[in-house]
Amino acid sequence: MPEKRDYYEVLGVGRNATDEEIKKAYRRLAKQHHPDLNQGDKAAEAKFKEASEAYSVLSDPDRKARYDQFGHAGLEGGAGGFDGAGMGIDLDDIFGSFFGGAFGGGGRRRTGPARGANLKYRMGLDFLEAAFGLEKDISITKEDLCDACHGTGSRDGSAPKKCTTCNGAGQVSQRQQTMFGTVMTNRPCTACGGQGTVVTDPCPSCSGRGRLPKKKTIRVRVPAGVDDGQHIVLQNEGEPGVRGGGYGDLYVEFHVRPHPVFKREGFTSYCEVPVTFVQAALGAEIDVPTIDGPSKYRIKEGTQTGESFTLRGKGIPRGDRNGYRGDHVFTVAVEVPKHLDAKQKELLRSFEALCGDKNYERRKSFFDKLKDAFR
């Protein structure tokens, strides 16, 4: 037989390694070489068995002390194979995290109180509803405690009794003889379905489940200034927990419908305002739409299309800061008149004849640049 390798060398740790470092090294090697992940690979199987043997010694304080002092000779003929039960190792703990319970345990089951599931509701809002906030009723259907048995599942409302098969643990231990030795595994208790309790006289309303689907109407206060995709949390409006655990929460996510006039970025609102050629040329007082309604604003003489102006404090309110509001920015779009009659055209031609470079600064600048480019 080939000479056994040093157990510390097998696990790739130093002789001063802590218990946690030894366990971590074994987890890594076990995951890498486990037979279920390397089917038909004899070399991987041998490495897995070698790592398991090393861990069986180094994780046991007494055997580790003998090995550190006398080497393999101090183990009375060797480790004698991998005996998970003999050294008190729970393979569910070792492998459950990365094999999903490959050794039959499926991880340790929780038998104490567990909080209920969180729920999600998508609420549609108009643009102005989101801007100013409101109170709105929503209806949801969710699992809730049975009124007849008050969630106990028993006909008379009494608490479920402890399962005598698993003594309330929700799982039972089994020893299995495998190619690696005797393995201790934990499995859900079949008598109680892994709950740790049993209902001997089930409630007829909920068939012993302790809960039923119920429709509930909830009034939601939508804060001012919410935006598309944001959400609020309504505590304890989710589903009830199990084994005495509390309720989960309800997440209300907002979907804001587009507005035909306004847009927003954060708390700043935007819109585009069309003005006539004459209003832009001479300046004028115009009505600017805001989320509060029309607001008077005087645009300056010679306003160009695409120019933007800001109305301070006329934007989106911010619900978490009392009195704060963003700004409202509007952009001017100069509309060129269409469908002119003969007289209108004649007047415009006369007007054009009276205009010079000083009246069209952007045009003059453009052609000056063009001339410079071709010199």
# chains A, B, ... in the order shown; residues from 1 in each chain; ligands from 1
>>> residues_around(residues="A:Asp6", least_positions_apart="4", cutoff="12 Å", atoms="only C-alpha atoms", output="VMD selection string")
chain A and resid 10 to 15 50 to 51 53 to 55 57 to 58 67 to 68 70 to 73 78
>>> residues_around(residues="stretch 233-238 of chain A", least_positions_apart="4", cutoff="10 Å", atoms="only C-alpha atoms", output="PDB file with C-alpha atoms, in the first residue's frame")
ATOM      1  CA  ARG A 115     -41.784  35.482  10.170  1.00  0.00           C
ATOM      2  CA  GLY A 116     -44.386  35.471   7.406  1.00  0.00           C
ATOM      3  CA  ALA A 117     -43.755  36.151   3.730  1.00  0.00           C
ATOM      4  CA  ASN A 118     -43.467  39.681   2.371  1.00  0.00           C
ATOM      5  CA  LEU A 119     -45.906  40.655  -0.390  1.00  0.00           C
ATOM      6  CA  LYS A 120     -45.713  43.113  -3.281  1.00  0.00           C
ATOM      7  CA  LYS A 142     -53.457  36.961   0.778  1.00  0.00           C
ATOM      8  CA  GLU A 143     -53.073  34.035   3.143  1.00  0.00           C
ATOM      9  CA  ASP A 144     -54.274  34.983   6.626  1.00  0.00           C
ATOM     10  CA  LYS A 216     -58.382  42.688   2.408  1.00  0.00           C
ATOM     11  CA  ILE A 218     -55.978  48.614   2.837  1.00  0.00           C
ATOM     12  CA  VAL A 220     -52.434  53.535   1.475  1.00  0.00           C
ATOM     13  CA  ARG A 221     -51.074  57.034   2.030  1.00  0.00           C
ATOM     14  CA  GLY A 246     -45.021  37.727  13.136  1.00  0.00           C
ATOM     15  CA  TYR A 247     -46.524  39.039   9.915  1.00  0.00           C
ATOM     16  CA  GLY A 248     -44.411  39.946   6.892  1.00  0.00           C
ATOM     17  CA  ASP A 249     -44.582  43.346   5.201  1.00  0.00           C
ATOM     18  CA  LEU A 250     -46.378  44.641   2.122  1.00  0.00           C
ATOM     19  CA  TYR A 251     -44.268  46.477  -0.457  1.00  0.00           C
ATOM     20  CA  VAL A 252     -46.312  48.936  -2.528  1.00  0.00           C
ATOM     21  CA  GLU A 253     -44.456  49.807  -5.740  1.00  0.00           C
TER      22      GLU A 253
END
>>> residues_around(residues="stretch 323-329 of chain A", least_positions_apart="5", cutoff="12 Å", atoms="only C-alpha atoms", output="PyMOL selection string")
chain A and resi 131-132+224-225+262-273+288-295+297+306-318
>>> write_last_selection(atoms="N, CA and C atoms", output="JSON list (two decimals), in the first residue's frame")
[["chain", "number", "residue", "atom", "x", "y", "z"],
["A", 131, "ALA", "N", -47.27, 63.41, -7.96],
["A", 131, "ALA", "CA", -46.64, 64.68, -7.59],
["A", 131, "ALA", "C", -47.15, 65.20, -6.25],
["A", 132, "PHE", "N", -48.45, 65.15, -6.04],
["A", 132, "PHE", "CA", -49.03, 65.76, -4.84],
["A", 132, "PHE", "C", -49.36, 64.76, -3.74],
["A", 224, "ALA", "N", -46.25, 62.70, -1.19],
["A", 224, "ALA", "CA", -46.03, 63.60, -2.32],
["A", 224, "ALA", "C", -44.64, 63.40, -2.90],
["A", 225, "GLY", "N", -44.57, 63.43, -4.22],
["A", 225, "GLY", "CA", -43.27, 63.40, -4.89],
["A", 225, "GLY", "C", -42.75, 62.03, -5.25],
["A", 262, "PHE", "N", -46.38, 67.26, -19.13],
["A", 262, "PHE", "CA", -45.25, 67.36, -18.20],
["A", 262, "PHE", "C", -44.36, 66.11, -18.22],
["A", 263, "LYS", "N", -43.10, 66.36, -17.94],
["A", 263, "LYS", "CA", -42.13, 65.30, -17.65],
["A", 263, "LYS", "C", -41.40, 65.71, -16.36],
["A", 264, "ARG", "N", -40.62, 64.79, -15.81],
["A", 264, "ARG", "CA", -39.89, 65.13, -14.59],
["A", 264, "ARG", "C", -38.57, 64.39, -14.53],
["A", 265, "GLU", "N", -37.62, 65.00, -13.85],
["A", 265, "GLU", "CA", -36.36, 64.38, -13.47],
["A", 265, "GLU", "C", -36.14, 64.72, -12.01],
["A", 266, "GLY", "N", -36.28, 63.71, -11.16],
["A", 266, "GLY", "CA", -36.22, 63.99, -9.73],
["A", 266, "GLY", "C", -37.41, 64.86, -9.34],
["A", 267, "PHE", "N", -37.12, 66.01, -8.74],
["A", 267, "PHE", "CA", -38.19, 66.91, -8.30],
["A", 267, "PHE", "C", -38.33, 68.13, -9.22],
["A", 268, "THR", "N", -37.67, 68.11, -10.37],
["A", 268, "THR", "CA", -37.80, 69.17, -11.36],
["A", 268, "THR", "C", -38.77, 68.73, -12.43],
["A", 269, "SER", "N", -39.77, 69.57, -12.70],
["A", 269, "SER", "CA", -40.74, 69.27, -13.76],
["A", 269, "SER", "C", -40.40, 70.07, -15.01],
["A", 270, "TYR", "N", -40.82, 69.55, -16.17],
["A", 270, "TYR", "CA", -40.48, 70.16, -17.46],
["A", 270, "TYR", "C", -41.70, 70.18, -18.37],
["A", 271, "CYS", "N", -41.72, 71.18, -19.25],
["A", 271, "CYS", "CA", -42.72, 71.20, -20.32],
["A", 271, "CYS", "C", -42.20, 72.09, -21.46],
["A", 272, "GLU", "N", -42.84, 71.99, -22.61],
["A", 272, "GLU", "CA", -42.50, 72.82, -23.77],
["A", 272, "GLU", "C", -43.68, 73.71, -24.07],
["A", 273, "VAL", "N", -43.41, 75.01, -24.31],
["A", 273, "VAL", "CA", -44.47, 75.98, -24.56],
["A", 273, "VAL", "C", -44.31, 76.57, -25.96],
["A", 288, "VAL", "N", -47.75, 79.90, -18.78],
["A", 288, "VAL", "CA", -46.91, 78.71, -18.73],
["A", 288, "VAL", "C", -47.62, 77.64, -17.91],
["A", 289, "PRO", "N", -47.89, 76.45, -18.47],
["A", 289, "PRO", "CA", -48.53, 75.39, -17.68],
["A", 289, "PRO", "C", -47.58, 74.84, -16.61],
["A", 290, "THR", "N", -48.07, 74.72, -15.39],
["A", 290, "THR", "CA", -47.34, 74.08, -14.30],
["A", 290, "THR", "C", -48.27, 73.06, -13.67],
["A", 291, "ILE", "N", -47.75, 72.24, -12.75],
["A", 291, "ILE", "CA", -48.61, 71.24, -12.12],
["A", 291, "ILE", "C", -49.65, 71.89, -11.21],
["A", 292, "ASP", "N", -49.47, 73.19, -10.88],
["A", 292, "ASP", "CA", -50.46, 73.92, -10.08],
["A", 292, "ASP", "C", -51.49, 74.62, -10.95],
["A", 293, "GLY", "N", -51.26, 74.66, -12.26],
["A", 293, "GLY", "CA", -52.11, 75.42, -13.16],
["A", 293, "GLY", "C", -51.28, 76.46, -13.91],
["A", 294, "PRO", "N", -51.92, 77.29, -14.78],
["A", 294, "PRO", "CA", -51.17, 78.27, -15.57],
["A", 294, "PRO", "C", -50.49, 79.32, -14.68],
["A", 295, "SER", "N", -49.28, 79.70, -15.09],
["A", 295, "SER", "CA", -48.53, 80.72, -14.37],
["A", 295, "SER", "C", -48.03, 81.75, -15.39],
["A", 297, "TYR", "N", -45.75, 84.46, -17.21],
["A", 297, "TYR", "CA", -44.30, 84.68, -17.33],
["A", 297, "TYR", "C", -44.05, 85.53, -18.56],
["A", 306, "GLY", "N", -36.06, 76.87, -28.38],
["A", 306, "GLY", "CA", -35.14, 76.03, -27.63],
["A", 306, "GLY", "C", -34.63, 76.68, -26.36],
["A", 307, "GLU", "N", -34.86, 77.98, -26.18],
["A", 307, "GLU", "CA", -34.42, 78.63, -24.93],
["A", 307, "GLU", "C", -35.27, 78.13, -23.76],
["A", 308, "SER", "N", -34.63, 77.98, -22.60],
["A", 308, "SER", "CA", -35.33, 77.48, -21.41],
["A", 308, "SER", "C", -35.37, 78.54, -20.32],
["A", 309, "PHE", "N", -36.44, 78.49, -19.54],
["A", 309, "PHE", "CA", -36.64, 79.44, -18.44],
["A", 309, "PHE", "C", -37.10, 78.65, -17.21],
["A", 310, "THR", "N", -36.79, 79.17, -16.03],
["A", 310, "THR", "CA", -37.05, 78.43, -14.79],
["A", 310, "THR", "C", -38.00, 79.19, -13.89],
["A", 311, "LEU", "N", -39.01, 78.49, -13.41],
["A", 311, "LEU", "CA", -39.91, 79.02, -12.39],
["A", 311, "LEU", "C", -39.54, 78.34, -11.07],
["A", 312, "ARG", "N", -38.96, 79.10, -10.14],
["A", 312, "ARG", "CA", -38.48, 78.54, -8.89],
["A", 312, "ARG", "C", -39.64, 78.06, -8.01],
["A", 313, "GLY", "N", -39.49, 76.87, -7.44],
["A", 313, "GLY", "CA", -40.47, 76.36, -6.49],
["A", 313, "GLY", "C", -41.80, 75.97, -7.09],
["A", 314, "LYS", "N", -41.84, 75.80, -8.42],
["A", 314, "LYS", "CA", -43.09, 75.42, -9.08],
["A", 314, "LYS", "C", -43.06, 73.97, -9.56],
["A", 315, "GLY", "N", -42.06, 73.20, -9.10],
["A", 315, "GLY", "CA", -41.93, 71.82, -9.55],
["A", 315, "GLY", "C", -42.59, 70.83, -8.63],
["A", 316, "ILE", "N", -41.98, 69.66, -8.48],
["A", 316, "ILE", "CA", -42.58, 68.54, -7.74],
["A", 316, "ILE", "C", -42.35, 68.72, -6.24],
["A", 317, "PRO", "N", -43.41, 68.60, -5.42],
["A", 317, "PRO", "CA", -43.22, 68.63, -3.96],
["A", 317, "PRO", "C", -42.43, 67.43, -3.49],
["A", 318, "ARG", "N", -41.75, 67.60, -2.38],
["A", 318, "ARG", "CA", -41.00, 66.49, -1.78],
["A", 318, "ARG", "C", -41.61, 66.18, -0.42]]
>>> residues_around(residues="A:Phe254", least_positions_apart="5", cutoff="6 Å", atoms="only C-alpha atoms", output="mmCIF file with N, CA and C atoms, in the first residue's frame")
data_model
loop_
_atom_site.group_PDB
_atom_site.id
_atom_site.type_symbol
_atom_site.label_atom_id
_atom_site.label_comp_id
_atom_site.auth_asym_id
_atom_site.auth_seq_id
_atom_site.Cartn_x
_atom_site.Cartn_y
_atom_site.Cartn_z
ATOM 1 N N ARG A 122 -48.399 46.382 -6.987
ATOM 2 C CA ARG A 122 -48.017 47.439 -7.929
ATOM 3 C C ARG A 122 -49.188 48.392 -8.099
ATOM 4 N N MET A 123 -48.997 49.636 -7.685
ATOM 5 C CA MET A 123 -50.064 50.642 -7.733
ATOM 6 C C MET A 123 -49.839 51.607 -8.892
ATOM 7 N N ASP A 228 -41.742 56.987 -10.472
ATOM 8 C CA ASP A 228 -41.955 55.677 -11.055
ATOM 9 C C ASP A 228 -40.899 54.682 -10.546
ATOM 10 N N GLY A 229 -41.357 53.522 -10.069
ATOM 11 C CA GLY A 229 -40.451 52.487 -9.592
ATOM 12 C C GLY A 229 -40.145 52.555 -8.104
ATOM 13 N N GLN A 230 -40.476 53.661 -7.442
ATOM 14 C CA GLN A 230 -40.239 53.752 -6.007
ATOM 15 C C GLN A 230 -41.306 52.955 -5.250
ATOM 16 N N HIS A 231 -41.045 52.693 -3.976
ATOM 17 C CA HIS A 231 -42.003 51.923 -3.198
ATOM 18 C C HIS A 231 -42.014 52.399 -1.749
#
>>> closest_residue(among="A:Lys215, A:Arg243, A:His259, A:Arg362", to="A:Val198", atoms="only C-alpha atoms")
A:Arg243
>>> residues_around(residues="A:Asp19", least_positions_apart="4", cutoff="10 Å", atoms="only C-alpha atoms", output="list of chain:residue names")
A:Lys23, A:Lys24, A:Ala25, A:Leu58, A:Ser59, A:Asp60, A:Pro61
>>> closest_residue(among="A:Leu282, A:Ala65, A:Val275, A:Ala130", to="A:Pro258", atoms="only C-alpha atoms")
A:Ala130
>>> select_by_dssp(residues="stretch 116-308 of chain A", states="helix (DSSP H, G or I)", output="ChimeraX atom specification")
/A:127-132,277-282
>>> residues_around(residues="A:Pro223", least_positions_apart="4", cutoff="7 Å", atoms="only C-alpha atoms", output="VMD selection string")
chain A and resid 133 to 134 319
>>> atom_distance(atom1="atom CA of A:Asp126", atom2="atom CA of A:Arg257")
5.2 Å
>>> closest_atom_pairs(of="stretch 189-247 of chain A", to="stretch 152-174 of chain A", cutoff="9 Å", atoms="only C-alpha atoms", output="Markdown table")
| residue | atom | partner | partner_atom | distance |
| --- | --- | --- | --- | --- |
| A:Cys189 | CA | A:Gln171 | CA | 4.5 |
| A:Thr190 | CA | A:Gln171 | CA | 8.3 |
| A:Ala191 | CA | A:Thr165 | CA | 6.6 |
| A:Cys192 | CA | A:Cys163 | CA | 6.4 |
| A:Gly193 | CA | A:Gly170 | CA | 7.3 |
| A:Gly194 | CA | A:Gly170 | CA | 4.1 |
| A:Gln195 | CA | A:Gly170 | CA | 5.0 |
| A:Gly196 | CA | A:Gly168 | CA | 3.9 |
| A:Thr197 | CA | A:Lys162 | CA | 4.4 |
| A:Val198 | CA | A:Lys161 | CA | 5.4 |
| A:Val199 | CA | A:Pro160 | CA | 5.1 |
| A:Thr200 | CA | A:Ser154 | CA | 7.4 |
| A:Asp201 | CA | A:Ser154 | CA | 5.6 |
| A:Pro202 | CA | A:Ser154 | CA | 4.6 |
| A:Cys203 | CA | A:Arg155 | CA | 3.8 |
| A:Pro204 | CA | A:Arg155 | CA | 6.7 |
| A:Ser205 | CA | A:Arg155 | CA | 8.6 |
| A:Cys206 | CA | A:Gly153 | CA | 7.0 |
| A:Ser207 | CA | A:Gly153 | CA | 7.2 |
| A:Gly208 | CA | A:Gly153 | CA | 4.0 |
| A:Arg209 | CA | A:Gly153 | CA | 5.2 |
| A:Gly210 | CA | A:Gly153 | CA | 4.0 |
| A:Arg211 | CA | A:Gly153 | CA | 7.7 |
>>> write_last_selection(atoms="C-alpha atoms", output="tab-separated table (two decimals), in the first residue's frame")
chain	number	residue	atom	x	y	z
A	189	CYS	CA	-39.98	13.93	10.21
A	190	THR	CA	-42.71	12.23	8.18
A	191	ALA	CA	-45.12	12.16	11.11
A	192	CYS	CA	-45.36	15.95	11.37
A	193	GLY	CA	-44.10	17.00	7.95
A	194	GLY	CA	-41.06	18.64	9.52
A	195	GLN	CA	-43.14	21.08	11.61
A	196	GLY	CA	-42.40	19.55	15.01
A	197	THR	CA	-46.10	19.65	15.93
A	198	VAL	CA	-49.21	17.71	14.95
A	199	VAL	CA	-52.92	18.59	14.85
A	200	THR	CA	-55.00	15.64	16.04
A	201	ASP	CA	-58.45	17.17	15.38
A	202	PRO	CA	-58.17	19.48	12.32
A	203	CYS	CA	-60.29	22.60	11.95
A	204	PRO	CA	-62.96	21.94	9.26
A	205	SER	CA	-62.77	25.50	7.91
A	206	CYS	CA	-59.08	25.41	6.96
A	207	SER	CA	-58.51	21.61	6.97
A	208	GLY	CA	-55.93	22.02	9.71
A	209	ARG	CA	-53.76	24.53	7.83
A	210	GLY	CA	-54.52	27.36	10.24
A	211	ARG	CA	-54.84	29.85	7.39
>>> atom_distance(atom1="atom CA of A:Leu75", atom2="atom CA of A:Ile22")
18.9 Å
